[in-house]
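*Asks:* File name coords.pdb; file contents PDB, C-alpha atoms, pLDDT in the B column; full text below.
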ATOM      1  CA  MET A   1      80.679  49.553  99.417  1.00 83.00           C
ATOM      2  CA  CYS A   2      78.151  48.360 102.029  1.00 85.00           C
ATOM      3  CA  ASP A   3      78.143  46.180 105.107  1.00 86.00           C
ATOM      4  CA  LYS A   4      76.363  42.841 104.791  1.00 88.00           C
ATOM      5  CA  PRO A   5      72.626  43.413 104.085  1.00 90.00           C
ATOM      6  CA  GLN A   6      70.469  42.779 107.135  1.00 92.00           C
ATOM      7  CA  TYR A   7      66.866  41.622 107.461  1.00 93.00           C
ATOM      8  CA  GLY A   8      64.589  43.416 109.906  1.00 94.00           C
ATOM      9  CA  TYR A   9      62.998  42.413 113.187  1.00 95.00           C
ATOM     10  CA  THR A  10      59.859  40.277 113.320  1.00 95.00           C
ATOM     11  CA  ALA A  11      57.317  41.719 115.743  1.00 93.00           C
ATOM     12  CA  SER A  12      53.702  42.758 115.978  1.00 94.00           C
ATOM     13  CA  ALA A  13      53.058  46.471 115.740  1.00 94.00           C
ATOM     14  CA  THR A  14      51.165  48.292 118.468  1.00 94.00           C
ATOM     15  CA  THR A  15      50.112  51.846 119.224  1.00 94.00           C
ATOM     16  CA  GLU A  16      51.293  51.366 122.821  1.00 94.00           C
ATOM     17  CA  GLN A  17      54.720  52.859 123.541  1.00 93.00           C
ATOM     18  CA  ILE A  18      56.108  49.561 124.852  1.00 94.00           C
ATOM     19  CA  GLY A  19      59.458  49.775 123.053  1.00 94.00           C
ATOM     20  CA  PRO A  20      61.059  51.385 120.027  1.00 96.00           C
ATOM     21  CA  HIS A  21      59.159  52.517 116.947  1.00 96.00           C
ATOM     22  CA  LEU A  22      58.718  49.765 114.358  1.00 96.00           C
ATOM     23  CA  LEU A  23      59.247  50.986 110.799  1.00 96.00           C
ATOM     24  CA  ARG A  24      57.289  48.906 108.289  1.00 94.00           C
ATOM     25  CA  ILE A  25      57.023  49.138 104.505  1.00 90.00           C
ATOM     26  CA  THR A  26      53.553  50.658 104.846  1.00 90.00           C
ATOM     27  CA  ASP A  27      54.865  53.460 107.080  1.00 91.00           C
ATOM     28  CA  ILE A  28      56.980  54.818 104.217  1.00 89.00           C
ATOM     29  CA  GLN A  29      54.716  57.041 102.128  1.00 87.00           C
ATOM     30  CA  ASP A  30      55.794  59.494  99.429  1.00 84.00           C
ATOM     31  CA  GLY A  31      59.419  59.315 100.514  1.00 84.00           C
ATOM     32  CA  SER A  32      58.811  60.087 104.171  1.00 87.00           C
ATOM     33  CA  VAL A  33      57.700  58.605 107.477  1.00 91.00           C
ATOM     34  CA  ASN A  34      55.304  60.193 109.955  1.00 90.00           C
ATOM     35  CA  TRP A  35      56.961  59.059 113.165  1.00 92.00           C
ATOM     36  CA  LYS A  36      54.214  60.656 115.268  1.00 90.00           C
ATOM     37  CA  THR A  37      51.675  58.136 113.989  1.00 90.00           C
ATOM     38  CA  GLY A  38      54.079  55.226 113.528  1.00 90.00           C
ATOM     39  CA  PRO A  39      53.672  52.076 115.602  1.00 96.00           C
ATOM     40  CA  TYR A  40      55.887  50.632 118.316  1.00 96.00           C
ATOM     41  CA  CYS A  41      56.945  47.091 119.130  1.00 96.00           C
ATOM     42  CA  ASP A  42      58.269  44.965 121.940  1.00 96.00           C
ATOM     43  CA  CYS A  43      61.975  44.451 121.142  1.00 94.00           C
ATOM     44  CA  PRO A  44      63.912  43.359 124.247  1.00 92.00           C
ATOM     45  CA  LYS A  45      67.328  43.637 122.509  1.00 92.00           C
ATOM     46  CA  PRO A  46      66.926  46.315 119.806  1.00 95.00           C
ATOM     47  CA  GLU A  47      70.629  47.138 119.290  1.00 95.00           C
ATOM     48  CA  LYS A  48      71.013  44.913 116.226  1.00 95.00           C
ATOM     49  CA  TYR A  49      68.012  46.512 114.499  1.00 96.00           C
ATOM     50  CA  LEU A  50      68.259  50.170 115.554  1.00 97.00           C
ATOM     51  CA  LEU A  51      68.057  52.591 112.662  1.00 97.00           C
ATOM     52  CA  GLN A  52      70.566  55.371 112.244  1.00 95.00           C
ATOM     53  CA  LYS A  53      71.190  58.243 109.867  1.00 95.00           C
ATOM     54  CA  ASP A  54      72.184  57.121 106.354  1.00 95.00           C
ATOM     55  CA  ASP A  55      70.728  53.609 106.652  1.00 96.00           C
ATOM     56  CA  ILE A  56      69.030  52.614 103.400  1.00 95.00           C
ATOM     57  CA  LEU A  57      66.020  50.319 103.648  1.00 95.00           C
ATOM     58  CA  PHE A  58      64.470  48.177 100.906  1.00 92.00           C
ATOM     59  CA  ALA A  59      61.094  46.539 100.585  1.00 90.00           C
ATOM     60  CA  ARG A  60      61.903  42.913  99.881  1.00 88.00           C
ATOM     61  CA  THR A  61      58.514  41.504  98.967  1.00 83.00           C
ATOM     62  CA  GLY A  62      55.128  42.297  97.481  1.00 80.00           C
ATOM     63  CA  ALA A  63      53.957  45.115  95.247  1.00 83.00           C
ATOM     64  CA  THR A  64      56.605  47.480  96.626  1.00 86.00           C
ATOM     65  CA  THR A  65      59.577  45.139  96.057  1.00 87.00           C
ATOM     66  CA  GLY A  66      62.665  47.281  95.510  1.00 88.00           C
ATOM     67  CA  LYS A  67      61.210  50.474  96.959  1.00 91.00           C
ATOM     68  CA  SER A  68      63.921  52.126  99.043  1.00 92.00           C
ATOM     69  CA  PHE A  69      64.108  54.733 101.783  1.00 94.00           C
ATOM     70  CA  LEU A  70      67.063  56.706 103.138  1.00 96.00           C
ATOM     71  CA  ILE A  71      67.006  57.392 106.877  1.00 96.00           C
ATOM     72  CA  GLU A  72      67.858  61.047 107.404  1.00 93.00           C
ATOM     73  CA  LYS A  73      66.692  61.308 111.002  1.00 90.00           C
ATOM     74  CA  CYS A  74      64.493  59.186 113.199  1.00 91.00           C
ATOM     75  CA  PRO A  75      63.548  58.516 116.793  1.00 94.00           C
ATOM     76  CA  THR A  76      64.622  55.294 118.473  1.00 95.00           C
ATOM     77  CA  ALA A  77      63.327  52.798 115.933  1.00 96.00           C
ATOM     78  CA  VAL A  78      63.885  49.310 114.574  1.00 97.00           C
ATOM     79  CA  PHE A  79      62.947  48.087 111.103  1.00 96.00           C
ATOM     80  CA  ALA A  80      60.476  45.342 110.335  1.00 94.00           C
ATOM     81  CA  SER A  81      61.224  41.951 108.825  1.00 92.00           C
ATOM     82  CA  TYR A  82      59.963  42.692 105.317  1.00 92.00           C
ATOM     83  CA  LEU A  83      62.680  45.315 104.967  1.00 95.00           C
ATOM     84  CA  ILE A  84      66.387  44.892 104.254  1.00 94.00           C
ATOM     85  CA  ARG A  85      68.895  47.401 105.603  1.00 95.00           C
ATOM     86  CA  LEU A  86      72.121  48.512 103.944  1.00 93.00           C
ATOM     87  CA  ARG A  87      74.780  50.509 105.746  1.00 93.00           C
ATOM     88  CA  VAL A  88      77.202  52.122 103.366  1.00 90.00           C
ATOM     89  CA  THR A  89      80.940  52.297 103.920  1.00 87.00           C
ATOM     90  CA  LYS A  90      83.091  55.348 103.372  1.00 82.00           C
ATOM     91  CA  LEU A  91      83.570  54.413  99.708  1.00 86.00           C
ATOM     92  CA  VAL A  92      80.142  55.722  98.751  1.00 93.00           C
ATOM     93  CA  ASN A  93      77.969  58.682  99.659  1.00 95.00           C
ATOM     94  CA  PRO A  94      74.659  57.345 101.067  1.00 95.00           C
ATOM     95  CA  GLN A  95      72.669  60.034  99.256  1.00 96.00           C
ATOM     96  CA  TYR A  96      74.383  59.137  95.968  1.00 96.00           C
ATOM     97  CA  LEU A  97      73.614  55.453  96.447  1.00 95.00           C
ATOM     98  CA  TYR A  98      70.008  56.231  97.401  1.00 95.00           C
ATOM     99  CA  ALA A  99      69.661  58.362  94.252  1.00 96.00           C
ATOM    100  CA  PHE A 100      70.915  55.422  92.185  1.00 95.00           C
ATOM    101  CA  PHE A 101      68.199  53.286  93.808  1.00 94.00           C
ATOM    102  CA  GLN A 102      65.619  55.597  92.193  1.00 93.00           C
ATOM    103  CA  SER A 103      67.124  55.272  88.689  1.00 95.00           C
ATOM    104  CA  PRO A 104      65.767  53.307  85.700  1.00 95.00           C
ATOM    105  CA  ASP A 105      68.974  51.206  85.693  1.00 94.00           C
ATOM    106  CA  TYR A 106      68.322  50.115  89.293  1.00 93.00           C
ATOM    107  CA  TRP A 107      64.685  49.292  88.567  1.00 91.00           C
ATOM    108  CA  ALA A 108      65.649  47.287  85.486  1.00 91.00           C
ATOM    109  CA  GLN A 109      68.011  45.197  87.620  1.00 91.00           C
ATOM    110  CA  VAL A 110      65.391  44.723  90.350  1.00 87.00           C
ATOM    111  CA  SER A 111      62.762  43.683  87.807  1.00 84.00           C
ATOM    112  CA  ALA A 112      65.159  41.196  86.229  1.00 81.00           C
ATOM    113  CA  ASN A 113      66.149  39.782  89.630  1.00 68.00           C
ATOM    114  CA  THR A 114      62.809  39.543  91.418  1.00 66.00           C
ATOM    115  CA  SER A 115      61.375  36.105  91.713  1.00 59.00           C
ATOM    116  CA  GLY A 116      57.984  34.746  92.542  1.00 55.00           C
ATOM    117  CA  SER A 117      55.016  35.338  90.291  1.00 55.00           C
ATOM    118  CA  ALA A 118      52.326  35.687  92.948  1.00 62.00           C
ATOM    119  CA  GLN A 119      54.500  37.587  95.424  1.00 67.00           C
ATOM    120  CA  PRO A 120      57.638  39.119  93.864  1.00 72.00           C
ATOM    121  CA  ASN A 121      60.635  39.385  96.141  1.00 78.00           C
ATOM    122  CA  CYS A 122      64.252  40.470  96.204  1.00 81.00           C
ATOM    123  CA  ASN A 123      66.494  38.929  98.836  1.00 82.00           C
ATOM    124  CA  ALA A 124      69.733  40.248 100.365  1.00 84.00           C
ATOM    125  CA  THR A 125      71.916  38.183  98.012  1.00 84.00           C
ATOM    126  CA  LYS A 126      70.240  39.643  94.924  1.00 84.00           C
ATOM    127  CA  LEU A 127      70.489  43.131  96.417  1.00 85.00           C
ATOM    128  CA  ALA A 128      74.191  42.658  97.159  1.00 85.00           C
ATOM    129  CA  ASN A 129      74.820  41.603  93.547  1.00 86.00           C
ATOM    130  CA  LEU A 130      73.383  44.729  91.916  1.00 90.00           C
ATOM    131  CA  LYS A 131      75.749  46.567  89.597  1.00 93.00           C
ATOM    132  CA  VAL A 132      76.181  50.151  90.814  1.00 93.00           C
ATOM    133  CA  PRO A 133      78.345  52.784  89.108  1.00 94.00           C
ATOM    134  CA  VAL A 134      80.629  54.306  91.748  1.00 93.00           C
ATOM    135  CA  PRO A 135      82.488  57.424  90.634  1.00 94.00           C
ATOM    136  CA  PRO A 136      85.119  59.130  92.820  1.00 94.00           C
ATOM    137  CA  PRO A 137      83.806  60.733  96.067  1.00 93.00           C
ATOM    138  CA  GLU A 138      84.012  64.291  94.691  1.00 95.00           C
ATOM    139  CA  GLU A 139      81.878  63.354  91.697  1.00 96.00           C
ATOM    140  CA  GLN A 140      79.379  61.565  93.944  1.00 96.00           C
ATOM    141  CA  GLN A 141      79.063  64.743  96.007  1.00 96.00           C
ATOM    142  CA  SER A 142      78.592  66.853  92.855  1.00 96.00           C
ATOM    143  CA  ILE A 143      75.847  64.518  91.664  1.00 96.00           C
ATOM    144  CA  VAL A 144      74.110  64.678  95.054  1.00 95.00           C
ATOM    145  CA  ALA A 145      74.290  68.502  95.055  1.00 96.00           C
ATOM    146  CA  TYR A 146      72.961  68.691  91.492  1.00 96.00           C
ATOM    147  CA  LEU A 147      70.071  66.325  92.248  1.00 95.00           C
ATOM    148  CA  SER A 148      69.222  68.182  95.460  1.00 93.00           C
ATOM    149  CA  ASN A 149      69.102  71.500  93.602  1.00 96.00           C
ATOM    150  CA  PHE A 150      67.034  69.914  90.833  1.00 95.00           C
ATOM    151  CA  GLN A 151      64.581  68.431  93.375  1.00 91.00           C
ATOM    152  CA  GLU A 152      64.132  71.848  95.003  1.00 94.00           C
ATOM    153  CA  LYS A 153      63.207  73.301  91.602  1.00 96.00           C
ATOM    154  CA  VAL A 154      60.772  70.443  90.932  1.00 94.00           C
ATOM    155  CA  ASN A 155      59.153  71.014  94.340  1.00 92.00           C
ATOM    156  CA  ARG A 156      58.772  74.757  93.629  1.00 95.00           C
ATOM    157  CA  ILE A 157      57.165  73.994  90.257  1.00 96.00           C
ATOM    158  CA  LYS A 158      54.759  71.517  91.875  1.00 94.00           C
ATOM    159  CA  THR A 159      53.787  74.148  94.460  1.00 93.00           C
ATOM    160  CA  LEU A 160      53.162  76.725  91.726  1.00 96.00           C
ATOM    161  CA  GLN A 161      51.147  74.186  89.727  1.00 95.00           C
ATOM    162  CA  ALA A 162      48.982  73.393  92.744  1.00 93.00           C
ATOM    163  CA  GLN A 163      48.383  77.096  93.396  1.00 93.00           C
ATOM    164  CA  ALA A 164      47.519  77.714  89.733  1.00 93.00           C
ATOM    165  CA  ALA A 165      45.154  74.725  89.674  1.00 91.00           C
ATOM    166  CA  HIS A 166      43.404  76.034  92.780  1.00 89.00           C
ATOM    167  CA  GLU A 167      43.015  79.477  91.203  1.00 89.00           C
ATOM    168  CA  LEU A 168      41.752  77.978  87.933  1.00 88.00           C
ATOM    169  CA  ASP A 169      39.208  75.890  89.816  1.00 87.00           C
ATOM    170  CA  GLY A 170      37.735  79.150  91.126  1.00 85.00           C
ATOM    171  CA  ILE A 171      37.477  80.808  87.709  1.00 89.00           C
ATOM    172  CA  LEU A 172      34.848  78.537  86.125  1.00 84.00           C
ATOM    173  CA  PRO A 173      32.190  79.084  88.832  1.00 85.00           C
ATOM    174  CA  SER A 174      32.777  82.833  88.558  1.00 83.00           C
ATOM    175  CA  VAL A 175      32.370  82.755  84.775  1.00 85.00           C
ATOM    176  CA  LEU A 176      29.263  80.569  85.017  1.00 86.00           C
ATOM    177  CA  ASP A 177      27.811  82.926  87.606  1.00 85.00           C
ATOM    178  CA  LYS A 178      28.257  85.897  85.244  1.00 84.00           C
ATOM    179  CA  ILE A 179      26.829  84.014  82.257  1.00 87.00           C
ATOM    180  CA  PHE A 180      23.753  82.647  84.019  1.00 87.00           C
ATOM    181  CA  ARG A 181      22.923  85.483  86.395  1.00 83.00           C
ATOM    182  CA  TRP A 182      19.156  86.151  86.200  1.00 71.00           C
ATOM    183  CA  ASP A 183      19.238  89.680  87.480  1.00 69.00           C
ATOM    184  CA  GLN A 184      21.085  91.173  84.487  1.00 60.00           C
TER     185      GLN A 184
END
Can you dump the structure from the file as structure tokens?

*Replies:*
Amino acid sequence: MCDKPQYGYTASATTEQIGPHLLRITDIQDGSVNWKTGPYCDCPKPEKYLLQKDDILFARTGATTGKSFLIEKCPTAVFASYLIRLRVTKLVNPQYLYAFFQSPDYWAQVSANTSGSAQPNCNATKLANLKVPVPPPEEQQSIVAYLSNFQEKVNRIKTLQAQAAHELDGILPSVLDKIFRWDQ
């Protein structure tokens, strides 16, 4: 269902635009990447490491072991050595597979397969051996559509909650002002 997992490029990051962007684990925050602030690297032959739409990246070591990220769009960029890249074949929808990589079943498998007590890690072999349910393509697409719709609703609720919290934060000072006003 995927090409052979690939480890990223080893390079030092720099703010100088000397080559392609270098995507590191730390650049992935809250499910997104700010490419405008992301670093660059010197990569004389980047072809092997260039990111493209639908690549799925995994953190392979440290506190974020197993964290994944789906490339939806990106500038010319390579991925760093503490990441593993998967490229899916036509048998699986990349968004479906990425959604699975957020599931409790995935995390249970990652937790059971990580090794190293001081610095947990998950290598390409362990990643390739994960058990993934793969329904027919039409069902994968239905699941992706359902999850996308559900995520939109969750995002709307979060926005409303933030607005309500902001409004509620303003109520207490107003009430206190009315209660403790000296000129009444």

*Asks:* Would you write out, as a tab-separated table, a table of all residues in range 3-114 of chain A that have an atom no more than 8 Å from an atom of range 126-134 of chain A, listing for each the closest atom pair and the distance in Å to one decimal, considering only C-alpha atoms and ordering rows by chain and rising residue number?

*Replies:*
residue	atom	partner	partner_atom	distance
A:Lys4	CA	A:Ala128	CA	7.9
A:Pro5	CA	A:Ala128	CA	7.1
A:Val92	CA	A:Val134	CA	7.2
A:Phe100	CA	A:Val132	CA	7.6
A:Tyr106	CA	A:Leu130	CA	7.8
A:Gln109	CA	A:Leu130	CA	6.9
A:Asn113	CA	A:Lys126	CA	6.7

*Asks:* Please produce an output containing C-alpha atoms for each residue in the selection, written as a PDB file, in the coordinates of the input.

*Replies:*
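Ended up saving to result27.pdb:
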ATOM      1  CA  LYS A   4      76.363  42.841 104.791  1.00 88.00           C
ATOM      2  CA  PRO A   5      72.626  43.413 104.085  1.00 90.00           C
ATOM      3  CA  VAL A  92      80.142  55.722  98.751  1.00 93.00           C
ATOM      4  CA  PHE A 100      70.915  55.422  92.185  1.00 95.00           C
ATOM      5  CA  TYR A 106      68.322  50.115  89.293  1.00 93.00           C
ATOM      6  CA  GLN A 109      68.011  45.197  87.620  1.00 91.00           C
ATOM      7  CA  ASN A 113      66.149  39.782  89.630  1.00 68.00           C
TER       8      ASN A 113
END

*Asks:* Is it possible to get the residues within 12 Å of (82.7, 64.9, 97.8) (coordinates as in the file, counting all atoms listed in the file) written as a list in words?

*Replies:*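 Those residues, ordered by chain and then number, are Lys90, Leu91, Val92, Asn93, Pro94, Gln95, Tyr96, Pro135, Pro136, Pro137, Glu138, Glu139, Gln140, Gln141, Ser142, Ile143, Val144 and Ala145 of chain A.
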
*Asks:* I need the residues from that last selection saved to file as a short mmCIF file (atom, residue, chain, number, x, y, z; two decimals), in the frame of the given file (with C-alpha atoms), if you can.

*Replies:*
data_model
loop_
_atom_site.label_atom_id
_atom_site.label_comp_id
_atom_site.auth_asym_id
_atom_site.auth_seq_id
_atom_site.Cartn_x
_atom_site.Cartn_y
_atom_site.Cartn_z
CA LYS A 90 83.09 55.35 103.37
CA LEU A 91 83.57 54.41 99.71
CA VAL A 92 80.14 55.72 98.75
CA ASN A 93 77.97 58.68 99.66
CA PRO A 94 74.66 57.34 101.07
CA GLN A 95 72.67 60.03 99.26
CA TYR A 96 74.38 59.14 95.97
CA PRO A 135 82.49 57.42 90.63
CA PRO A 136 85.12 59.13 92.82
CA PRO A 137 83.81 60.73 96.07
CA GLU A 138 84.01 64.29 94.69
CA GLU A 139 81.88 63.35 91.70
CA GLN A 140 79.38 61.56 93.94
CA GLN A 141 79.06 64.74 96.01
CA SER A 142 78.59 66.85 92.86
CA ILE A 143 75.85 64.52 91.66
CA VAL A 144 74.11 64.68 95.05
CA ALA A 145 74.29 68.50 95.06
#

*Asks:* Point out the residue among A:Leu70, A:Ala63, A:Val175, A:Leu168 with the least atom-to-atom distance to Asn121 in chain A, counting all atoms listed in the file.

*Replies:*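 Looking at the shortest contact to Asn121 in chain A, the residue is A:Ala63.
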
*Asks:* Taking the file as I've supplied it (selection: the PyMOL selection byres ((chain A and resi 52) around 9)), which residues are included? Please answer as a VMD selection string.

*Replies:* chain A and resid 50 to 51 53 to 55 71 to 77

*Asks:* Determine, counting all atoms listed in the file, which protein, DNA and RNA residues have an atom within 7 Å of an atom of Tyr82 in chain A; residues of the same chain fewer than 6 positions away are not included. Present the result as a list in words.

*Replies:*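 The neighbour list is Gly8, Ala59, Arg60 and Thr61 of chain A.
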
*Asks:* Would you kindly translate the PyMOL selection byres ((chain A and resi 20) around 9) into the concrete residues it picks from this file, as a list in words?

*Replies:*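 When the PyMOL selection byres ((chain A and resi 20) around 9) is applied, the selected residues are Gln17, Ile18, Gly19, His21, Leu22, Pro39, Tyr40, Cys41, Asp42, Cys43, Pro46, Leu50, Pro75, Thr76, Ala77 and Val78 of chain A.
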
*Asks:* How many Å lie between CA of Arg85 in chain A and CA of Phe69 in chain A, rounded to one decimal?

*Replies:*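 One can read the CA of Arg85 in chain A to CA of Phe69 in chain A distance as 9.6 Å.
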
*Asks:* Any chance you could build range 130-141 of chain A out to N, CA and C atoms and write it as an mmCIF file, in the frame of the given file?

*Replies:*
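And here's rebuild15.cif as it stands now:
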data_model
loop_
_atom_site.group_PDB
_atom_site.id
_atom_site.type_symbol
_atom_site.label_atom_id
_atom_site.label_comp_id
_atom_site.auth_asym_id
_atom_site.auth_seq_id
_atom_site.Cartn_x
_atom_site.Cartn_y
_atom_site.Cartn_z
ATOM 1 N N LEU A 130 73.726 43.680 92.877
ATOM 2 C CA LEU A 130 73.383 44.729 91.916
ATOM 3 C C LEU A 130 74.650 45.423 91.424
ATOM 4 N N LYS A 131 74.631 45.819 90.173
ATOM 5 C CA LYS A 131 75.749 46.567 89.597
ATOM 6 C C LYS A 131 75.463 48.058 89.778
ATOM 7 N N VAL A 132 76.357 48.737 90.491
ATOM 8 C CA VAL A 132 76.181 50.151 90.814
ATOM 9 C C VAL A 132 77.403 50.925 90.333
ATOM 10 N N PRO A 133 77.204 51.963 89.505
ATOM 11 C CA PRO A 133 78.345 52.784 89.108
ATOM 12 C C PRO A 133 78.817 53.619 90.299
ATOM 13 N N VAL A 134 80.106 53.574 90.598
ATOM 14 C CA VAL A 134 80.629 54.306 91.748
ATOM 15 C C VAL A 134 81.769 55.219 91.291
ATOM 16 N N PRO A 135 81.434 56.482 91.013
ATOM 17 C CA PRO A 135 82.488 57.424 90.634
ATOM 18 C C PRO A 135 83.295 57.852 91.861
ATOM 19 N N PRO A 136 84.346 58.631 91.676
ATOM 20 C CA PRO A 136 85.119 59.130 92.820
ATOM 21 C C PRO A 136 84.233 59.945 93.772
ATOM 22 N N PRO A 137 84.623 60.034 95.063
ATOM 23 C CA PRO A 137 83.806 60.733 96.067
ATOM 24 C C PRO A 137 83.410 62.159 95.674
ATOM 25 N N GLU A 138 84.328 62.905 95.063
ATOM 26 C CA GLU A 138 84.012 64.291 94.691
ATOM 27 C C GLU A 138 82.883 64.325 93.663
ATOM 28 N N GLU A 139 82.922 63.396 92.719
ATOM 29 C CA GLU A 139 81.878 63.354 91.697
ATOM 30 C C GLU A 139 80.547 62.908 92.305
ATOM 31 N N GLN A 140 80.601 61.970 93.250
ATOM 32 C CA GLN A 140 79.379 61.565 93.944
ATOM 33 C C GLN A 140 78.744 62.773 94.623
ATOM 34 N N GLN A 141 79.575 63.565 95.302
ATOM 35 C CA GLN A 141 79.063 64.743 96.007
ATOM 36 C C GLN A 141 78.478 65.749 95.027
#
